[in-house]
Amino acid sequence: MSAVTTPVVLAATAAAASGPAHVEVPTAYDAILLASFGGPEGQDDVIPFLRNVTRGRGIPDERLEEVAHHYRAFGGVSPINDQNRELKAALEAELARRGIDLPVLWGNRNWDPYLAEALQEADSRGLHRLIAIATSAYSSYSSCRQYREDFAIALAETGLEGTIEIDKVRQFFDHPGFVQPFIEGVADGLAEIERLVPDIDLASEARVLFSTHSIPSTDANLSGPDFRGFGEGGAYAAQHLAVAEVVMHESGRDVPWDLVYQSRSGPPTQPWLEPDVNDRITELAAQGVRAVVIVPLGFVSDHMEVKWDLDTEALETAAELGIAAIRVPTPGVHAAYVSGLIDLVLERRDGVPAAQRPAVTDLGPWYDVCRPGCCENKRMGFKPAVSGLAP
């Protein structure tokens, strides 16, 4: 009889190494690793940054310039880096308020400071057991697995495999700390619409549009573990729909709503999730809708996709069609969000049982250790990734 081997999670702490869905054993972490997308901080950074984002896809610079104008309109500076500096400071303040001695390191996937630099800093300070927070709440290749792959790449690049361990907090799409700012935003946004359009009937003449980043349909269908059977749109669409339903219920308003998508890229022949936010606004105008509240449900802060695709393009579309439009805030450094992120870290530090973890939808609490094959990218194939069972 052959021996049964226990699967091992790459670069995991002892409590997570065998791959339990929820780690219920306390783990003493040395530091928090705040991981984000990154963005250019000047005009000369824009094209090199976009090369990083699209590496391996062979996209020529002239095509990258078509996207670059979004950044160039803001002086070549993405808002995301300053927002991460603010979030890092807010996390540190919340840790200090609670009397928790846990440093916060920051590294980006696509621009300085890079993840590899953050790992080298950790090693130089003797911080070898890290708990990562990625600034992305939902399940998909680009919002979860790609971060996990980049952690593995950074470990290999720095030669710190076997020295640094990296666990990752669960995807927090339905953690109350993430959801609460949107509940407040929808309530305030609808109140503002009533102020702007005093005679409006919200139930028939207004619409709440929950917007998130579109992704290729193939990636969406493969998001989350396949045994959950989410079907069309996978876990990515299901999570957004579930959270939107909670937000509308908790807002206390009986107003129709839709899930819409934005920031599509890639060849026109490749199917991506739809409808586009601008197309939906156009359709609603033709149906007599007089106002929309746009909720950036897929985003944690006001980075370029929010500032350009919503604040510039979507609001301009609404204005051209004579529709009143309000874009509600992202969580940013909202107190509930910051506190919730620390709570997610403490779940793992303290080994909180899954049954005691907060989740506002029936889909969660999500997995601490991603399930095998979760969020596959058919085009790129499986690569080594931390915080999940192979492949």
# chains A, B, ... in the order shown; residues from 1 in each chain; ligands from 1
>>> select_by_dssp(residues="segment 120-232 of chain A", states="alpha helix (DSSP H)", output="PyMOL selection string")
chain A and resi 120-124+146-158+176-196+202-205+217-221
>>> select_by_dssp(residues="segment 34-166 of chain A", states="strand (DSSP E)", output="PyMOL selection string")
chain A and resi 34-36+104-108+129-134+165-166
>>> write_last_selection(atoms="C-alpha atoms", output="PDB file, in the first residue's frame")
ATOM      1  CA  LEU A  34      -0.008  45.161   2.623  1.00  0.00           C
ATOM      2  CA  ALA A  35       0.021  44.137  -1.050  1.00  0.00           C
ATOM      3  CA  SER A  36      -1.384  46.270  -3.840  1.00  0.00           C
ATOM      4  CA  VAL A 104       2.995  46.974   8.499  1.00  0.00           C
ATOM      5  CA  LEU A 105       5.094  46.512   5.352  1.00  0.00           C
ATOM      6  CA  TRP A 106       3.916  47.601   1.904  1.00  0.00           C
ATOM      7  CA  GLY A 107       4.736  46.120  -1.492  1.00  0.00           C
ATOM      8  CA  ASN A 108       3.218  46.412  -4.975  1.00  0.00           C
ATOM      9  CA  ARG A 129       6.244  35.157   9.415  1.00  0.00           C
ATOM     10  CA  LEU A 130       3.949  37.460   7.436  1.00  0.00           C
ATOM     11  CA  ILE A 131       0.185  37.759   7.102  1.00  0.00           C
ATOM     12  CA  ALA A 132      -0.736  39.411   3.791  1.00  0.00           C
ATOM     13  CA  ILE A 133      -3.640  41.717   3.015  1.00  0.00           C
ATOM     14  CA  ALA A 134      -4.214  42.234  -0.708  1.00  0.00           C
ATOM     15  CA  GLU A 165       6.476  32.385   5.393  1.00  0.00           C
ATOM     16  CA  ILE A 166       3.433  34.157   3.928  1.00  0.00           C
TER      17      ILE A 166
END
>>> residues_around(residues="Phe74 of chain A", least_positions_apart="4", cutoff="10 Å", atoms="only C-alpha atoms", output="list in words")
Glu41, Gly42, Gln43, His69, His70, Ser78, Pro79, Met304, Lys307 and Trp308 of chain A
>>> residues_around(residues="Gln146 of chain A", least_positions_apart="5", cutoff="12 Å", atoms="only C-alpha atoms", output="ChimeraX atom specification")
/A:35-37,53,109-110,134,136,139-141,151-153,219,223,374-377,380-388
>>> write_last_selection(atoms="N, CA and C atoms", output="compact mmCIF listing (two decimals), in the first residue's frame")
# COMPACT_ATOMS: atom_id res chain seq x y z
N ALA A 35 -0.34 44.37 0.35
CA ALA A 35 0.02 44.14 -1.05
C ALA A 35 -0.99 44.80 -1.96
N SER A 36 -0.47 45.55 -2.95
CA SER A 36 -1.38 46.27 -3.84
C SER A 36 -0.89 46.21 -5.28
N PHE A 37 -1.65 46.86 -6.14
CA PHE A 37 -1.41 46.81 -7.58
C PHE A 37 -0.24 47.70 -7.97
N VAL A 53 2.44 45.80 -16.04
CA VAL A 53 1.09 45.28 -15.91
C VAL A 53 0.79 44.23 -16.98
N ARG A 109 2.64 44.93 -6.76
CA ARG A 109 2.90 43.97 -7.83
C ARG A 109 3.57 44.60 -9.03
N ASN A 110 3.23 45.86 -9.35
CA ASN A 110 3.62 46.43 -10.63
C ASN A 110 4.43 47.72 -10.57
N ALA A 134 -4.19 41.69 0.65
CA ALA A 134 -4.21 42.23 -0.71
C ALA A 134 -5.37 43.22 -0.82
N SER A 136 -7.78 43.83 -2.54
CA SER A 136 -8.78 43.34 -3.47
C SER A 136 -9.66 42.35 -2.73
N SER A 139 -12.98 37.19 -5.48
CA SER A 139 -12.25 36.02 -6.00
C SER A 139 -12.22 36.04 -7.53
N SER A 140 -11.00 36.08 -8.06
CA SER A 140 -10.77 35.90 -9.49
C SER A 140 -9.28 35.74 -9.67
N TYR A 141 -8.84 35.48 -10.89
CA TYR A 141 -7.40 35.35 -11.11
C TYR A 141 -6.69 36.66 -10.76
N PHE A 151 3.48 36.67 -4.89
CA PHE A 151 4.19 36.40 -3.63
C PHE A 151 5.24 35.32 -3.86
N ALA A 152 4.86 34.25 -4.56
CA ALA A 152 5.79 33.16 -4.83
C ALA A 152 6.96 33.63 -5.69
N ILE A 153 6.67 34.45 -6.70
CA ILE A 153 7.73 34.99 -7.56
C ILE A 153 8.70 35.84 -6.74
N ASP A 219 -12.19 33.72 -17.36
CA ASP A 219 -11.63 33.87 -16.02
C ASP A 219 -12.74 33.92 -14.98
N SER A 223 -13.53 31.41 -11.63
CA SER A 223 -13.21 32.02 -10.34
C SER A 223 -13.85 31.24 -9.21
N CYS A 374 -8.32 26.85 -7.75
CA CYS A 374 -9.15 28.04 -7.60
C CYS A 374 -8.65 29.18 -8.48
N CYS A 375 -9.56 29.79 -9.22
CA CYS A 375 -9.28 30.98 -10.04
C CYS A 375 -8.22 30.72 -11.11
N GLU A 376 -8.38 29.62 -11.81
CA GLU A 376 -7.46 29.27 -12.90
C GLU A 376 -7.47 30.33 -13.99
N ASN A 377 -6.28 30.56 -14.57
CA ASN A 377 -6.16 31.40 -15.75
C ASN A 377 -5.80 30.49 -16.92
N MET A 380 -2.70 31.56 -19.12
CA MET A 380 -1.37 31.57 -18.52
C MET A 380 -0.99 30.23 -17.92
N GLY A 381 -1.96 29.40 -17.58
CA GLY A 381 -1.66 28.14 -16.93
C GLY A 381 -1.37 28.33 -15.45
N PHE A 382 -1.30 27.23 -14.74
CA PHE A 382 -1.04 27.30 -13.31
C PHE A 382 0.43 27.59 -13.04
N LYS A 383 0.69 28.51 -12.11
CA LYS A 383 2.04 28.80 -11.64
C LYS A 383 2.06 28.57 -10.12
N PRO A 384 3.26 28.40 -9.56
CA PRO A 384 3.34 28.28 -8.09
C PRO A 384 2.70 29.49 -7.43
N ALA A 385 1.96 29.24 -6.35
CA ALA A 385 1.25 30.30 -5.65
C ALA A 385 1.20 29.97 -4.17
N VAL A 386 1.39 30.97 -3.33
CA VAL A 386 1.30 30.77 -1.88
C VAL A 386 -0.16 30.79 -1.45
N SER A 387 -0.39 30.47 -0.19
CA SER A 387 -1.72 30.59 0.43
C SER A 387 -2.81 29.79 -0.27
N GLY A 388 -2.44 28.70 -0.92
CA GLY A 388 -3.43 27.87 -1.60
C GLY A 388 -2.86 26.50 -1.90
>>> closest_residue(among="A:Ile80, A:Pro176, A:Ala285, A:Arg290", to="Ile193 of chain A", atoms="only C-alpha atoms")
A:Arg290
>>> residues_around(residues="Ile100 of chain A", least_positions_apart="3", cutoff="12 Å", atoms="only C-alpha atoms", output="VMD selection string")
chain A and resid 28 to 32 91 to 97 103 to 104 342 to 343 345 to 346 349
>>> write_last_selection(atoms="N, CA and C atoms", output="mmCIF file, in the first residue's frame")
data_model
loop_
_atom_site.group_PDB
_atom_site.id
_atom_site.type_symbol
_atom_site.label_atom_id
_atom_site.label_comp_id
_atom_site.auth_asym_id
_atom_site.auth_seq_id
_atom_site.Cartn_x
_atom_site.Cartn_y
_atom_site.Cartn_z
ATOM 1 N N ALA A 28 1.470 33.103 15.533
ATOM 2 C CA ALA A 28 2.124 34.356 15.940
ATOM 3 C C ALA A 28 2.823 34.960 14.722
ATOM 4 N N TYR A 29 2.252 36.006 14.166
ATOM 5 C CA TYR A 29 2.840 36.665 13.003
ATOM 6 C C TYR A 29 3.815 37.754 13.441
ATOM 7 N N ASP A 30 4.805 37.997 12.573
ATOM 8 C CA ASP A 30 5.803 39.040 12.832
ATOM 9 C C ASP A 30 5.409 40.383 12.230
ATOM 10 N N ALA A 31 4.613 40.360 11.149
ATOM 11 C CA ALA A 31 4.275 41.608 10.454
ATOM 12 C C ALA A 31 3.113 41.375 9.506
ATOM 13 N N ILE A 32 2.489 42.485 9.122
ATOM 14 C CA ILE A 32 1.457 42.497 8.086
ATOM 15 C C ILE A 32 2.108 42.944 6.780
ATOM 16 N N LEU A 91 -3.865 51.681 9.215
ATOM 17 C CA LEU A 91 -3.705 50.359 9.835
ATOM 18 C C LEU A 91 -2.768 50.437 11.031
ATOM 19 N N GLU A 92 -1.685 51.174 10.872
ATOM 20 C CA GLU A 92 -0.739 51.327 11.975
ATOM 21 C C GLU A 92 -1.379 52.034 13.156
ATOM 22 N N ALA A 93 -2.202 53.043 12.868
ATOM 23 C CA ALA A 93 -2.889 53.762 13.948
ATOM 24 C C ALA A 93 -3.886 52.859 14.659
ATOM 25 N N GLU A 94 -4.597 52.030 13.904
ATOM 26 C CA GLU A 94 -5.570 51.124 14.520
ATOM 27 C C GLU A 94 -4.858 50.058 15.358
ATOM 28 N N LEU A 95 -3.746 49.561 14.879
ATOM 29 C CA LEU A 95 -2.970 48.601 15.665
ATOM 30 C C LEU A 95 -2.490 49.233 16.970
ATOM 31 N N ALA A 96 -1.998 50.463 16.874
ATOM 32 C CA ALA A 96 -1.533 51.157 18.078
ATOM 33 C C ALA A 96 -2.681 51.392 19.041
ATOM 34 N N ARG A 97 -3.850 51.760 18.504
ATOM 35 C CA ARG A 97 -5.023 52.005 19.360
ATOM 36 C C ARG A 97 -5.395 50.760 20.138
ATOM 37 N N PRO A 103 4.278 45.335 12.931
ATOM 38 C CA PRO A 103 4.648 46.264 11.855
ATOM 39 C C PRO A 103 3.827 46.016 10.592
ATOM 40 N N VAL A 104 3.678 47.075 9.787
ATOM 41 C CA VAL A 104 2.995 46.974 8.499
ATOM 42 C C VAL A 104 3.996 47.292 7.396
ATOM 43 N N ILE A 342 -7.969 44.782 10.282
ATOM 44 C CA ILE A 342 -7.246 44.306 11.467
ATOM 45 C C ILE A 342 -7.950 43.085 12.052
ATOM 46 N N ASP A 343 -9.274 43.103 12.052
ATOM 47 C CA ASP A 343 -10.016 41.937 12.547
ATOM 48 C C ASP A 343 -9.685 40.686 11.724
ATOM 49 N N VAL A 345 -6.862 40.033 10.248
ATOM 50 C CA VAL A 345 -5.542 39.576 10.694
ATOM 51 C C VAL A 345 -5.665 38.822 12.016
ATOM 52 N N LEU A 346 -6.464 39.352 12.928
ATOM 53 C CA LEU A 346 -6.602 38.736 14.243
ATOM 54 C C LEU A 346 -7.312 37.389 14.170
ATOM 55 N N ARG A 349 -4.366 35.261 13.585
ATOM 56 C CA ARG A 349 -3.475 35.244 14.749
ATOM 57 C C ARG A 349 -4.050 34.400 15.874
#
>>> atom_distance(atom1="atom CA of Phe299 of chain A", atom2="atom CA of Ser339 of chain A")
17.3 Å
>>> residues_around(residues="Leu284 of chain A", least_positions_apart="2", cutoff="10 Å", atoms="only C-alpha atoms", output="list in words")
Glu205, Ala206, Arg207, Asn278, Asp279, Arg280, Ile281, Thr282, Ala286, Gln287, Gly288, Val289, Arg290, Ala291, Val292, Ala318, Leu321 and Ile323 of chain A
>>> write_last_selection(atoms="N, CA, C and O atoms", output="compact mmCIF listing (two decimals), in the first residue's frame")
# COMPACT_ATOMS: atom_id res chain seq x y z
N GLU A 205 -37.97 55.81 -11.14
CA GLU A 205 -37.18 56.74 -11.95
C GLU A 205 -35.71 56.79 -11.55
O GLU A 205 -34.95 57.59 -12.09
N ALA A 206 -35.30 55.94 -10.62
CA ALA A 206 -33.90 55.91 -10.20
C ALA A 206 -33.38 54.48 -10.29
O ALA A 206 -34.16 53.52 -10.30
N ARG A 207 -32.07 54.34 -10.36
CA ARG A 207 -31.45 53.02 -10.40
C ARG A 207 -30.11 53.10 -9.67
O ARG A 207 -29.36 54.07 -9.84
N ASN A 278 -21.48 52.37 -18.94
CA ASN A 278 -21.95 53.43 -19.83
C ASN A 278 -23.10 52.94 -20.71
O ASN A 278 -24.06 53.69 -20.95
N ASP A 279 -23.01 51.71 -21.18
CA ASP A 279 -24.10 51.15 -21.99
C ASP A 279 -25.38 51.06 -21.17
O ASP A 279 -26.48 51.34 -21.66
N ARG A 280 -25.23 50.66 -19.91
CA ARG A 280 -26.42 50.51 -19.06
C ARG A 280 -27.05 51.86 -18.77
O ARG A 280 -28.29 51.99 -18.76
N ILE A 281 -26.24 52.88 -18.53
CA ILE A 281 -26.79 54.23 -18.30
C ILE A 281 -27.56 54.69 -19.53
O ILE A 281 -28.65 55.28 -19.42
N THR A 282 -27.02 54.41 -20.71
CA THR A 282 -27.69 54.79 -21.96
C THR A 282 -29.03 54.08 -22.09
O THR A 282 -30.05 54.69 -22.46
N ALA A 286 -33.06 55.73 -21.95
CA ALA A 286 -34.11 55.47 -22.94
C ALA A 286 -35.37 54.92 -22.30
O ALA A 286 -36.46 55.02 -22.87
N GLN A 287 -35.23 54.35 -21.09
CA GLN A 287 -36.38 53.80 -20.37
C GLN A 287 -37.04 54.81 -19.44
O GLN A 287 -37.99 54.48 -18.73
N GLY A 288 -36.54 56.03 -19.44
CA GLY A 288 -37.13 57.07 -18.62
C GLY A 288 -36.54 57.23 -17.23
O GLY A 288 -37.08 57.98 -16.41
N VAL A 289 -35.45 56.53 -16.95
CA VAL A 289 -34.80 56.70 -15.65
C VAL A 289 -34.17 58.09 -15.59
O VAL A 289 -33.51 58.52 -16.54
N ARG A 290 -34.36 58.78 -14.46
CA ARG A 290 -33.90 60.16 -14.35
C ARG A 290 -32.66 60.33 -13.49
O ARG A 290 -32.05 61.40 -13.48
N ALA A 291 -32.28 59.28 -12.76
CA ALA A 291 -31.13 59.42 -11.86
C ALA A 291 -30.50 58.06 -11.59
O ALA A 291 -31.20 57.04 -11.54
N VAL A 292 -29.18 58.06 -11.42
CA VAL A 292 -28.47 56.84 -11.06
C VAL A 292 -27.51 57.13 -9.90
O VAL A 292 -26.95 58.22 -9.80
N ALA A 318 -23.78 60.14 -18.16
CA ALA A 318 -25.03 60.52 -17.51
C ALA A 318 -25.38 61.97 -17.80
O ALA A 318 -26.54 62.29 -18.10
N LEU A 321 -26.78 62.59 -21.18
CA LEU A 321 -28.12 62.06 -21.34
C LEU A 321 -29.14 62.74 -20.44
O LEU A 321 -30.32 62.36 -20.43
N ILE A 323 -29.19 62.76 -17.15
CA ILE A 323 -29.49 61.97 -15.95
C ILE A 323 -28.68 62.50 -14.77
O ILE A 323 -27.46 62.69 -14.87
>>> residues_around(residues="segment 54-61 of chain A", least_positions_apart="2", cutoff="12 Å", atoms="only C-alpha atoms", output="MDAnalysis selection string")
chainID A and resid 46:52 63:68 109:110 142 265:267 379:380
>>> atom_distance(atom1="atom CA of Leu389 of chain A", atom2="atom CA of Phe227 of chain A")
14.3 Å
>>> atom_distance(atom1="atom CA of Val169 of chain A", atom2="atom CA of Tyr337 of chain A")
14.2 Å
>>> closest_residue(among="A:Asp199, A:Ala359, A:Ala335, A:Pro296", to="Ala90 of chain A", atoms="only C-alpha atoms")
A:Ala335
>>> closest_residue(among="A:Gly298, A:Pro329, A:Gly229, A:Gly252", to="Leu363 of chain A", atoms="only C-alpha atoms")
A:Gly229
>>> closest_residue(among="A:Glu316, A:Asp167, A:Asp254, A:Asp276", to="Ala15 of chain A", atoms="only C-alpha atoms")
A:Asp167
